[in-house]
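To start, the structure under review is shown below, and the notes come after it.
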Amino acid sequence: MLVANDQAAWQRERMVADQIESRGIRNPDLLRVMRSIPRHLFVPPNVRSKAYEDCPIPIGYGATISQPYIVALMTELLAPAKQDRVLEIGTGSGYQAAILGQLAAEVYTVEISPELARSAAKTLRELGYTNITVRQGDGYQGWPERAPFDRIVLTAAPPELPEALIAQLSRGGRLVAPLGPVRSQELMVIEKQADGTIEGRPVCGVSFVPMKPQGLRP
Ligand code: SAH
């Protein structure tokens, strides 16, 4: 039930109904989680009034919190299960990680910007999300100490699929990522079969911040 004076809860209700359900996202757990997570607390105060709008929002340090529908679409495609261990590349604000944390067992998220890694970890801690671990580092390397992962999601676009990430995906696991150069990225769903072979399919064209090249210092 909505609390009458809870403006943000009302805005979330509208966001889910008008931007997400209306575009065909049906997973009830995902819709419930997106109704509950305070997206406005993940963005800087100066853009907070836009938090529930149907658009991406720049959050500083070259990062952008994706449009709510794109977050929903990627999460639905990823389809994490309750017992899954998930790796996210590109923590940004921590919003996508918070959603994943409510749907899966454990979330590990890597962010190249030290400032963003620090502020996302603080936001997640303050909001009480305890199954999410943030690390500052280069996403091209993944998180080998915590591999394998049942699910991997990239929220910055590499020109091609990083080999380390494929290696850290479980057999039977799934990876969702924007792939390709700026202005011609495709959202891809990639699956590692039981025999270790990789299959991928494009879903739609998207526009994400490029993944900073390997070895580049933050
Ligand atoms: N998932 C985020 C959105 C992130 S935007 C959210 O929910 O808010 C993409 C992020 O990827 C940015 O924060 C950017 O700093 C980060 N990034 C870019 N290149 C990276 C790399 N090589 N390794 C890890 N993170 C990277």
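Each chain of the structure tokens is named A, B, ... in the order shown, its residues numbered from 1; ligands are numbered from 1 in display order.
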
Closest atom pairs, chain A residues within 6 Å of ligand 1, only C-alpha atoms and all ligand atoms, as JSON lines:
{"residue": "A:Ala63", "atom": "CA", "partner": "ligand 1", "partner_atom_place_in_ligand_line": "12 (C)", "distance": 4.0}
{"residue": "A:Thr64", "atom": "CA", "partner": "ligand 1", "partner_atom_place_in_ligand_line": "5 (S)", "distance": 4.5}
{"residue": "A:Ile65", "atom": "CA", "partner": "ligand 1", "partner_atom_place_in_ligand_line": "8 (O)", "distance": 3.9}
{"residue": "A:Ser66", "atom": "CA", "partner": "ligand 1", "partner_atom_place_in_ligand_line": "3 (C)", "distance": 5.9}
{"residue": "A:Ile89", "atom": "CA", "partner": "ligand 1", "partner_atom_place_in_ligand_line": "24 (C)", "distance": 5.3}
{"residue": "A:Gly90", "atom": "CA", "partner": "ligand 1", "partner_atom_place_in_ligand_line": "11 (O)", "distance": 3.3}
{"residue": "A:Thr91", "atom": "CA", "partner": "ligand 1", "partner_atom_place_in_ligand_line": "1 (N)", "distance": 4.6}
{"residue": "A:Gly92", "atom": "CA", "partner": "ligand 1", "partner_atom_place_in_ligand_line": "13 (O)", "distance": 3.4}
{"residue": "A:Ser93", "atom": "CA", "partner": "ligand 1", "partner_atom_place_in_ligand_line": "8 (O)", "distance": 3.7}
{"residue": "A:Gly94", "atom": "CA", "partner": "ligand 1", "partner_atom_place_in_ligand_line": "7 (O)", "distance": 5.0}
{"residue": "A:Tyr95", "atom": "CA", "partner": "ligand 1", "partner_atom_place_in_ligand_line": "7 (O)", "distance": 4.0}
{"residue": "A:Gln96", "atom": "CA", "partner": "ligand 1", "partner_atom_place_in_ligand_line": "7 (O)", "distance": 3.9}
{"residue": "A:Val110", "atom": "CA", "partner": "ligand 1", "partner_atom_place_in_ligand_line": "24 (C)", "distance": 5.3}
{"residue": "A:Glu111", "atom": "CA", "partner": "ligand 1", "partner_atom_place_in_ligand_line": "25 (N)", "distance": 3.9}
{"residue": "A:Ile112", "atom": "CA", "partner": "ligand 1", "partner_atom_place_in_ligand_line": "24 (C)", "distance": 4.1}
{"residue": "A:Ser113", "atom": "CA", "partner": "ligand 1", "partner_atom_place_in_ligand_line": "15 (O)", "distance": 5.1}
{"residue": "A:Asp138", "atom": "CA", "partner": "ligand 1", "partner_atom_place_in_ligand_line": "23 (N)", "distance": 4.0}
{"residue": "A:Gly139", "atom": "CA", "partner": "ligand 1", "partner_atom_place_in_ligand_line": "23 (N)", "distance": 3.3}
{"residue": "A:Tyr140", "atom": "CA", "partner": "ligand 1", "partner_atom_place_in_ligand_line": "22 (N)", "distance": 5.6}
{"residue": "A:Thr155", "atom": "CA", "partner": "ligand 1", "partner_atom_place_in_ligand_line": "1 (N)", "distance": 5.1}
{"residue": "A:Ala156", "atom": "CA", "partner": "ligand 1", "partner_atom_place_in_ligand_line": "9 (C)", "distance": 4.4}
{"residue": "A:Val209", "atom": "CA", "partner": "ligand 1", "partner_atom_place_in_ligand_line": "9 (C)", "distance": 5.9}
{"residue": "A:Met211", "atom": "CA", "partner": "ligand 1", "partner_atom_place_in_ligand_line": "19 (N)", "distance": 3.5}
{"residue": "A:Lys212", "atom": "CA", "partner": "ligand 1", "partner_atom_place_in_ligand_line": "19 (N)", "distance": 3.8}
{"residue": "A:Pro213", "atom": "CA", "partner": "ligand 1", "partner_atom_place_in_ligand_line": "22 (N)", "distance": 5.8}

Legend entry - Every residue of range 36-172 of chain A that DSSP places in alpha helix (DSSP H), as number ranges by chain: A: 36, 68-78, 95-103, 114-126, 163-167

Legend entry - Residue neighbourhood range 166-179 of chain A, 8 Å, only C-alpha atoms, exclusion window fewer than 3 positions, as a VMD selection string: chain A and resid 74 77 to 78 142 to 144 147 to 163 185 to 196 206 to 208

Inset, instruction - Would you mind reading off the distance between CA of Arg23 in chain A and CA of Thr75 in chain A, one decimal, in Å? - result: 14.2 Å

Inset, instruction - Could you tell me, as a PyMOL selection string, which residues of range 48-168 of chain A DSSP assigns to strand (DSSP E or B) when given the backbone? - result: chain A and resi 57-60+63-65+85-89+106-111+132-136+149-154+157

Inset, instruction - Could you tell me how far CA of Ala51 in chain A lies from CA of Leu30 in chain A, in Å and to one decimal? - result: 18.3 Å

Legend entry - Nearest candidate to Arg32 in chain A (options A:Ala164, A:Pro45, A:Met15, A:Glu145; using only C-alpha atoms):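 When distances to Arg32 in chain A are compared using only C-alpha atoms, the smallest one comes from A:Met15.
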
Tell me, as a PDB file with all heavy atoms, in the first residue's frame, which residues lie within 10 Å of range 115-124 of chain A, counting only C-alpha atoms; anything in the same chain fewer than 5 positions away does not count.
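Output file result16.pdb follows:
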ATOM      1  N   LEU A  41      17.634   8.217  -4.005  1.00  0.00           N
ATOM      2  CA  LEU A  41      18.760   8.284  -3.059  1.00  0.00           C
ATOM      3  C   LEU A  41      20.072   7.809  -3.682  1.00  0.00           C
ATOM      4  O   LEU A  41      21.116   7.874  -3.053  1.00  0.00           O
ATOM      5  CB  LEU A  41      18.430   7.483  -1.794  1.00  0.00           C
ATOM      6  CG  LEU A  41      17.188   7.969  -1.034  1.00  0.00           C
ATOM      7  CD1 LEU A  41      16.954   7.135   0.217  1.00  0.00           C
ATOM      8  CD2 LEU A  41      17.307   9.457  -0.672  1.00  0.00           C
ATOM      9  N   PHE A  42      20.014   7.328  -4.922  1.00  0.00           N
ATOM     10  CA  PHE A  42      21.226   6.882  -5.618  1.00  0.00           C
ATOM     11  C   PHE A  42      21.802   7.962  -6.534  1.00  0.00           C
ATOM     12  O   PHE A  42      22.872   7.773  -7.094  1.00  0.00           O
ATOM     13  CB  PHE A  42      20.936   5.611  -6.428  1.00  0.00           C
ATOM     14  CG  PHE A  42      20.746   4.389  -5.563  1.00  0.00           C
ATOM     15  CD1 PHE A  42      19.517   4.093  -4.997  1.00  0.00           C
ATOM     16  CD2 PHE A  42      21.819   3.543  -5.296  1.00  0.00           C
ATOM     17  CE1 PHE A  42      19.349   2.977  -4.194  1.00  0.00           C
ATOM     18  CE2 PHE A  42      21.658   2.418  -4.487  1.00  0.00           C
ATOM     19  CZ  PHE A  42      20.421   2.137  -3.935  1.00  0.00           C
ATOM     20  N   VAL A  43      21.064   9.057  -6.724  1.00  0.00           N
ATOM     21  CA  VAL A  43      21.564  10.111  -7.620  1.00  0.00           C
ATOM     22  C   VAL A  43      21.949  11.350  -6.805  1.00  0.00           C
ATOM     23  O   VAL A  43      21.431  11.550  -5.706  1.00  0.00           O
ATOM     24  CB  VAL A  43      20.524  10.467  -8.716  1.00  0.00           C
ATOM     25  CG1 VAL A  43      20.179   9.240  -9.560  1.00  0.00           C
ATOM     26  CG2 VAL A  43      19.268  11.075  -8.131  1.00  0.00           C
ATOM     27  N   ILE A  59      25.620  11.157 -13.515  1.00  0.00           N
ATOM     28  CA  ILE A  59      25.842  11.205 -12.062  1.00  0.00           C
ATOM     29  C   ILE A  59      27.279  11.608 -11.720  1.00  0.00           C
ATOM     30  O   ILE A  59      27.737  11.402 -10.606  1.00  0.00           O
ATOM     31  CB  ILE A  59      25.488   9.847 -11.402  1.00  0.00           C
ATOM     32  CG1 ILE A  59      26.235   8.684 -12.073  1.00  0.00           C
ATOM     33  CG2 ILE A  59      23.987   9.612 -11.422  1.00  0.00           C
ATOM     34  CD1 ILE A  59      26.121   7.359 -11.321  1.00  0.00           C
ATOM     35  N   GLY A  60      27.987  12.177 -12.705  1.00  0.00           N
ATOM     36  CA  GLY A  60      29.358  12.633 -12.452  1.00  0.00           C
ATOM     37  C   GLY A  60      30.388  11.558 -12.756  1.00  0.00           C
ATOM     38  O   GLY A  60      30.049  10.384 -12.916  1.00  0.00           O
ATOM     39  N   TYR A  61      31.645  11.967 -12.865  1.00  0.00           N
ATOM     40  CA  TYR A  61      32.780  11.067 -13.126  1.00  0.00           C
ATOM     41  C   TYR A  61      32.564  10.211 -14.384  1.00  0.00           C
ATOM     42  O   TYR A  61      32.998   9.061 -14.457  1.00  0.00           O
ATOM     43  CB  TYR A  61      33.059  10.162 -11.922  1.00  0.00           C
ATOM     44  CG  TYR A  61      33.225  10.932 -10.636  1.00  0.00           C
ATOM     45  CD1 TYR A  61      32.196  11.016  -9.716  1.00  0.00           C
ATOM     46  CD2 TYR A  61      34.415  11.619 -10.376  1.00  0.00           C
ATOM     47  CE1 TYR A  61      32.330  11.749  -8.554  1.00  0.00           C
ATOM     48  CE2 TYR A  61      34.568  12.359  -9.215  1.00  0.00           C
ATOM     49  CZ  TYR A  61      33.526  12.418  -8.307  1.00  0.00           C
ATOM     50  OH  TYR A  61      33.666  13.146  -7.163  1.00  0.00           O
ATOM     51  N   GLY A  62      31.845  10.775 -15.363  1.00  0.00           N
ATOM     52  CA  GLY A  62      31.647  10.071 -16.629  1.00  0.00           C
ATOM     53  C   GLY A  62      30.631   8.950 -16.556  1.00  0.00           C
ATOM     54  O   GLY A  62      30.530   8.146 -17.480  1.00  0.00           O
ATOM     55  N   ALA A  63      29.876   8.868 -15.473  1.00  0.00           N
ATOM     56  CA  ALA A  63      28.907   7.777 -15.322  1.00  0.00           C
ATOM     57  C   ALA A  63      27.487   8.278 -15.524  1.00  0.00           C
ATOM     58  O   ALA A  63      27.201   9.472 -15.347  1.00  0.00           O
ATOM     59  CB  ALA A  63      29.039   7.162 -13.942  1.00  0.00           C
ATOM     60  N   GLY A  90      30.691  -1.998 -13.604  1.00  0.00           N
ATOM     61  CA  GLY A  90      30.197  -0.621 -13.716  1.00  0.00           C
ATOM     62  C   GLY A  90      29.176  -0.333 -12.627  1.00  0.00           C
ATOM     63  O   GLY A  90      27.978  -0.236 -12.880  1.00  0.00           O
ATOM     64  N   THR A  91      29.649  -0.179 -11.391  1.00  0.00           N
ATOM     65  CA  THR A  91      28.748   0.040 -10.249  1.00  0.00           C
ATOM     66  C   THR A  91      28.005   1.363 -10.357  1.00  0.00           C
ATOM     67  O   THR A  91      26.828   1.433 -10.002  1.00  0.00           O
ATOM     68  CB  THR A  91      29.568   0.078  -8.929  1.00  0.00           C
ATOM     69  OG1 THR A  91      30.512  -0.987  -8.927  1.00  0.00           O
ATOM     70  CG2 THR A  91      28.672   0.005  -7.712  1.00  0.00           C
ATOM     71  N   GLY A  92      28.691   2.409 -10.835  1.00  0.00           N
ATOM     72  CA  GLY A  92      28.078   3.732 -10.954  1.00  0.00           C
ATOM     73  C   GLY A  92      27.475   4.176  -9.633  1.00  0.00           C
ATOM     74  O   GLY A  92      28.155   4.270  -8.615  1.00  0.00           O
ATOM     75  N   SER A  93      26.170   4.392  -9.641  1.00  0.00           N
ATOM     76  CA  SER A  93      25.458   4.839  -8.437  1.00  0.00           C
ATOM     77  C   SER A  93      25.216   3.715  -7.442  1.00  0.00           C
ATOM     78  O   SER A  93      24.916   3.971  -6.277  1.00  0.00           O
ATOM     79  CB  SER A  93      24.105   5.409  -8.847  1.00  0.00           C
ATOM     80  OG  SER A  93      23.278   4.360  -9.353  1.00  0.00           O
ATOM     81  N   GLY A  94      25.221   2.466  -7.925  1.00  0.00           N
ATOM     82  CA  GLY A  94      24.858   1.327  -7.076  1.00  0.00           C
ATOM     83  C   GLY A  94      23.405   0.894  -7.232  1.00  0.00           C
ATOM     84  O   GLY A  94      22.979  -0.105  -6.649  1.00  0.00           O
ATOM     85  N   TYR A  95      22.634   1.624  -8.060  1.00  0.00           N
ATOM     86  CA  TYR A  95      21.191   1.324  -8.187  1.00  0.00           C
ATOM     87  C   TYR A  95      20.926  -0.063  -8.791  1.00  0.00           C
ATOM     88  O   TYR A  95      20.154  -0.847  -8.243  1.00  0.00           O
ATOM     89  CB  TYR A  95      20.527   2.418  -9.023  1.00  0.00           C
ATOM     90  CG  TYR A  95      19.061   2.186  -9.283  1.00  0.00           C
ATOM     91  CD1 TYR A  95      18.132   2.262  -8.245  1.00  0.00           C
ATOM     92  CD2 TYR A  95      18.590   1.894 -10.569  1.00  0.00           C
ATOM     93  CE1 TYR A  95      16.773   2.058  -8.483  1.00  0.00           C
ATOM     94  CE2 TYR A  95      17.241   1.687 -10.819  1.00  0.00           C
ATOM     95  CZ  TYR A  95      16.337   1.767  -9.772  1.00  0.00           C
ATOM     96  OH  TYR A  95      14.998   1.554 -10.019  1.00  0.00           O
ATOM     97  N   ALA A  97      22.926  -2.559  -8.837  1.00  0.00           N
ATOM     98  CA  ALA A  97      23.408  -3.556  -7.870  1.00  0.00           C
ATOM     99  C   ALA A  97      22.358  -3.792  -6.782  1.00  0.00           C
ATOM    100  O   ALA A  97      22.130  -4.934  -6.362  1.00  0.00           O
ATOM    101  CB  ALA A  97      24.731  -3.093  -7.256  1.00  0.00           C
ATOM    102  N   ALA A  98      21.703  -2.704  -6.332  1.00  0.00           N
ATOM    103  CA  ALA A  98      20.671  -2.842  -5.291  1.00  0.00           C
ATOM    104  C   ALA A  98      19.531  -3.719  -5.793  1.00  0.00           C
ATOM    105  O   ALA A  98      19.022  -4.579  -5.059  1.00  0.00           O
ATOM    106  CB  ALA A  98      20.152  -1.464  -4.878  1.00  0.00           C
ATOM    107  N   THR A 109      30.318  -6.182  -7.386  1.00  0.00           N
ATOM    108  CA  THR A 109      30.254  -5.141  -8.412  1.00  0.00           C
ATOM    109  C   THR A 109      31.560  -4.355  -8.462  1.00  0.00           C
ATOM    110  O   THR A 109      32.119  -3.994  -7.422  1.00  0.00           O
ATOM    111  CB  THR A 109      28.985  -4.262  -8.221  1.00  0.00           C
ATOM    112  OG1 THR A 109      28.987  -3.220  -9.202  1.00  0.00           O
ATOM    113  CG2 THR A 109      28.868  -3.655  -6.836  1.00  0.00           C
ATOM    114  N   VAL A 110      32.068  -4.158  -9.674  1.00  0.00           N
ATOM    115  CA  VAL A 110      33.384  -3.541  -9.893  1.00  0.00           C
ATOM    116  C   VAL A 110      33.209  -2.195 -10.583  1.00  0.00           C
ATOM    117  O   VAL A 110      32.513  -2.104 -11.593  1.00  0.00           O
ATOM    118  CB  VAL A 110      34.268  -4.446 -10.792  1.00  0.00           C
ATOM    119  CG1 VAL A 110      35.653  -3.822 -10.970  1.00  0.00           C
ATOM    120  CG2 VAL A 110      34.383  -5.847 -10.215  1.00  0.00           C
ATOM    121  N   TYR A 129      21.711  -2.590   2.389  1.00  0.00           N
ATOM    122  CA  TYR A 129      21.860  -3.733   1.472  1.00  0.00           C
ATOM    123  C   TYR A 129      23.151  -4.464   1.826  1.00  0.00           C
ATOM    124  O   TYR A 129      24.242  -3.958   1.591  1.00  0.00           O
ATOM    125  CB  TYR A 129      21.886  -3.255   0.024  1.00  0.00           C
ATOM    126  CG  TYR A 129      20.603  -2.565  -0.384  1.00  0.00           C
ATOM    127  CD1 TYR A 129      20.556  -1.195  -0.577  1.00  0.00           C
ATOM    128  CD2 TYR A 129      19.424  -3.295  -0.544  1.00  0.00           C
ATOM    129  CE1 TYR A 129      19.374  -0.558  -0.938  1.00  0.00           C
ATOM    130  CE2 TYR A 129      18.238  -2.671  -0.904  1.00  0.00           C
ATOM    131  CZ  TYR A 129      18.223  -1.302  -1.098  1.00  0.00           C
ATOM    132  OH  TYR A 129      17.057  -0.682  -1.446  1.00  0.00           O
ATOM    133  N   THR A 130      23.014  -5.638   2.399  1.00  0.00           N
ATOM    134  CA  THR A 130      24.189  -6.300   2.986  1.00  0.00           C
ATOM    135  C   THR A 130      24.801  -7.393   2.117  1.00  0.00           C
ATOM    136  O   THR A 130      25.865  -7.903   2.442  1.00  0.00           O
ATOM    137  CB  THR A 130      23.808  -6.934   4.335  1.00  0.00           C
ATOM    138  OG1 THR A 130      22.663  -7.758   4.113  1.00  0.00           O
ATOM    139  CG2 THR A 130      23.471  -5.878   5.377  1.00  0.00           C
ATOM    140  N   ASN A 131      24.143  -7.781   1.029  1.00  0.00           N
ATOM    141  CA  ASN A 131      24.686  -8.874   0.203  1.00  0.00           C
ATOM    142  C   ASN A 131      25.375  -8.361  -1.058  1.00  0.00           C
ATOM    143  O   ASN A 131      25.511  -9.090  -2.034  1.00  0.00           O
ATOM    144  CB  ASN A 131      23.578  -9.880  -0.151  1.00  0.00           C
ATOM    145  CG  ASN A 131      22.460  -9.246  -0.976  1.00  0.00           C
ATOM    146  OD1 ASN A 131      22.327  -8.029  -1.020  1.00  0.00           O
ATOM    147  ND2 ASN A 131      21.681 -10.082  -1.634  1.00  0.00           N
ATOM    148  N   ILE A 132      25.807  -7.088  -1.026  1.00  0.00           N
ATOM    149  CA  ILE A 132      26.458  -6.484  -2.193  1.00  0.00           C
ATOM    150  C   ILE A 132      27.857  -6.032  -1.790  1.00  0.00           C
ATOM    151  O   ILE A 132      28.032  -5.339  -0.790  1.00  0.00           O
ATOM    152  CB  ILE A 132      25.653  -5.261  -2.681  1.00  0.00           C
ATOM    153  CG1 ILE A 132      24.215  -5.694  -3.006  1.00  0.00           C
ATOM    154  CG2 ILE A 132      26.325  -4.608  -3.887  1.00  0.00           C
ATOM    155  CD1 ILE A 132      23.253  -4.542  -3.174  1.00  0.00           C
ATOM    156  N   THR A 133      28.861  -6.439  -2.562  1.00  0.00           N
ATOM    157  CA  THR A 133      30.235  -6.028  -2.279  1.00  0.00           C
ATOM    158  C   THR A 133      30.744  -5.200  -3.458  1.00  0.00           C
ATOM    159  O   THR A 133      30.684  -5.653  -4.610  1.00  0.00           O
ATOM    160  CB  THR A 133      31.143  -7.259  -2.084  1.00  0.00           C
ATOM    161  OG1 THR A 133      30.474  -8.172  -1.230  1.00  0.00           O
ATOM    162  CG2 THR A 133      32.479  -6.871  -1.464  1.00  0.00           C
ATOM    163  N   VAL A 134      31.226  -3.994  -3.157  1.00  0.00           N
ATOM    164  CA  VAL A 134      31.729  -3.089  -4.193  1.00  0.00           C
ATOM    165  C   VAL A 134      33.247  -3.104  -4.165  1.00  0.00           C
ATOM    166  O   VAL A 134      33.852  -3.060  -3.084  1.00  0.00           O
ATOM    167  CB  VAL A 134      31.256  -1.634  -3.938  1.00  0.00           C
ATOM    168  CG1 VAL A 134      31.734  -0.702  -5.051  1.00  0.00           C
ATOM    169  CG2 VAL A 134      29.748  -1.555  -3.787  1.00  0.00           C
ATOM    170  N   ARG A 135      33.858  -3.126  -5.331  1.00  0.00           N
ATOM    171  CA  ARG A 135      35.320  -3.041  -5.384  1.00  0.00           C
ATOM    172  C   ARG A 135      35.729  -2.052  -6.461  1.00  0.00           C
ATOM    173  O   ARG A 135      35.155  -2.057  -7.557  1.00  0.00           O
ATOM    174  CB  ARG A 135      35.882  -4.415  -5.715  1.00  0.00           C
ATOM    175  CG  ARG A 135      37.364  -4.413  -5.910  1.00  0.00           C
ATOM    176  CD  ARG A 135      37.882  -5.820  -5.869  1.00  0.00           C
ATOM    177  NE  ARG A 135      38.299  -6.226  -7.194  1.00  0.00           N
ATOM    178  CZ  ARG A 135      38.900  -7.382  -7.452  1.00  0.00           C
ATOM    179  NH1 ARG A 135      39.102  -8.264  -6.488  1.00  0.00           N
ATOM    180  NH2 ARG A 135      39.289  -7.666  -8.663  1.00  0.00           N
ATOM    181  N   GLN A 136      36.712  -1.226  -6.146  1.00  0.00           N
ATOM    182  CA  GLN A 136      37.285  -0.365  -7.176  1.00  0.00           C
ATOM    183  C   GLN A 136      38.271  -1.193  -7.969  1.00  0.00           C
ATOM    184  O   GLN A 136      39.135  -1.865  -7.387  1.00  0.00           O
ATOM    185  CB  GLN A 136      37.994   0.837  -6.527  1.00  0.00           C
ATOM    186  CG  GLN A 136      38.434   1.924  -7.498  1.00  0.00           C
ATOM    187  CD  GLN A 136      39.753   1.615  -8.186  1.00  0.00           C
ATOM    188  OE1 GLN A 136      40.651   1.048  -7.571  1.00  0.00           O
ATOM    189  NE2 GLN A 136      39.880   1.970  -9.451  1.00  0.00           N
ATOM    190  N   GLY A 137      38.125  -1.181  -9.281  1.00  0.00           N
ATOM    191  CA  GLY A 137      39.058  -1.948 -10.100  1.00  0.00           C
ATOM    192  C   GLY A 137      38.671  -1.896 -11.563  1.00  0.00           C
ATOM    193  O   GLY A 137      37.713  -1.216 -11.934  1.00  0.00           O
ATOM    194  N   PRO A 218      42.397   5.182 -13.697  1.00  0.00           N
ATOM    195  CA  PRO A 218      41.163   5.948 -13.469  1.00  0.00           C
ATOM    196  C   PRO A 218      41.437   7.447 -13.334  1.00  0.00           C
ATOM    197  O   PRO A 218      42.520   7.841 -12.968  1.00  0.00           O
ATOM    198  CB  PRO A 218      40.616   5.386 -12.170  1.00  0.00           C
ATOM    199  CG  PRO A 218      41.724   4.652 -11.515  1.00  0.00           C
ATOM    200  CD  PRO A 218      42.663   4.229 -12.617  1.00  0.00           C
TER     201      PRO A 218
END

Legend entry - Å distance separating CA of Ala9 in chain A from CA of Pro38 in chain A, one decimal place: 8.0 Å

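Between Glu106 in chain A and the residues A:Pro28, A:Pro80, A:Gly200, A:Pro181, the shortest atom-to-atom distance, using only C-alpha atoms, involves A:Pro80.
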
Inset, instruction - Pick out the closest residue to Asp54 in chain A from this set: A:Val203, A:Leu73, A:Val16, A:Leu87. Count only C-alpha atoms. - result: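 Answer, going by the shortest atom-to-atom distance: A:Val16.
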
Inset, instruction - Name all residues at most 12 Å from Ala17 in chain A (count only C-alpha atoms; drop same-chain ones fewer than 3 positions away) and give them as a ChimeraX atom specification. - result: /A:10-14,20-26,31-32,34-35,52,54,68-69
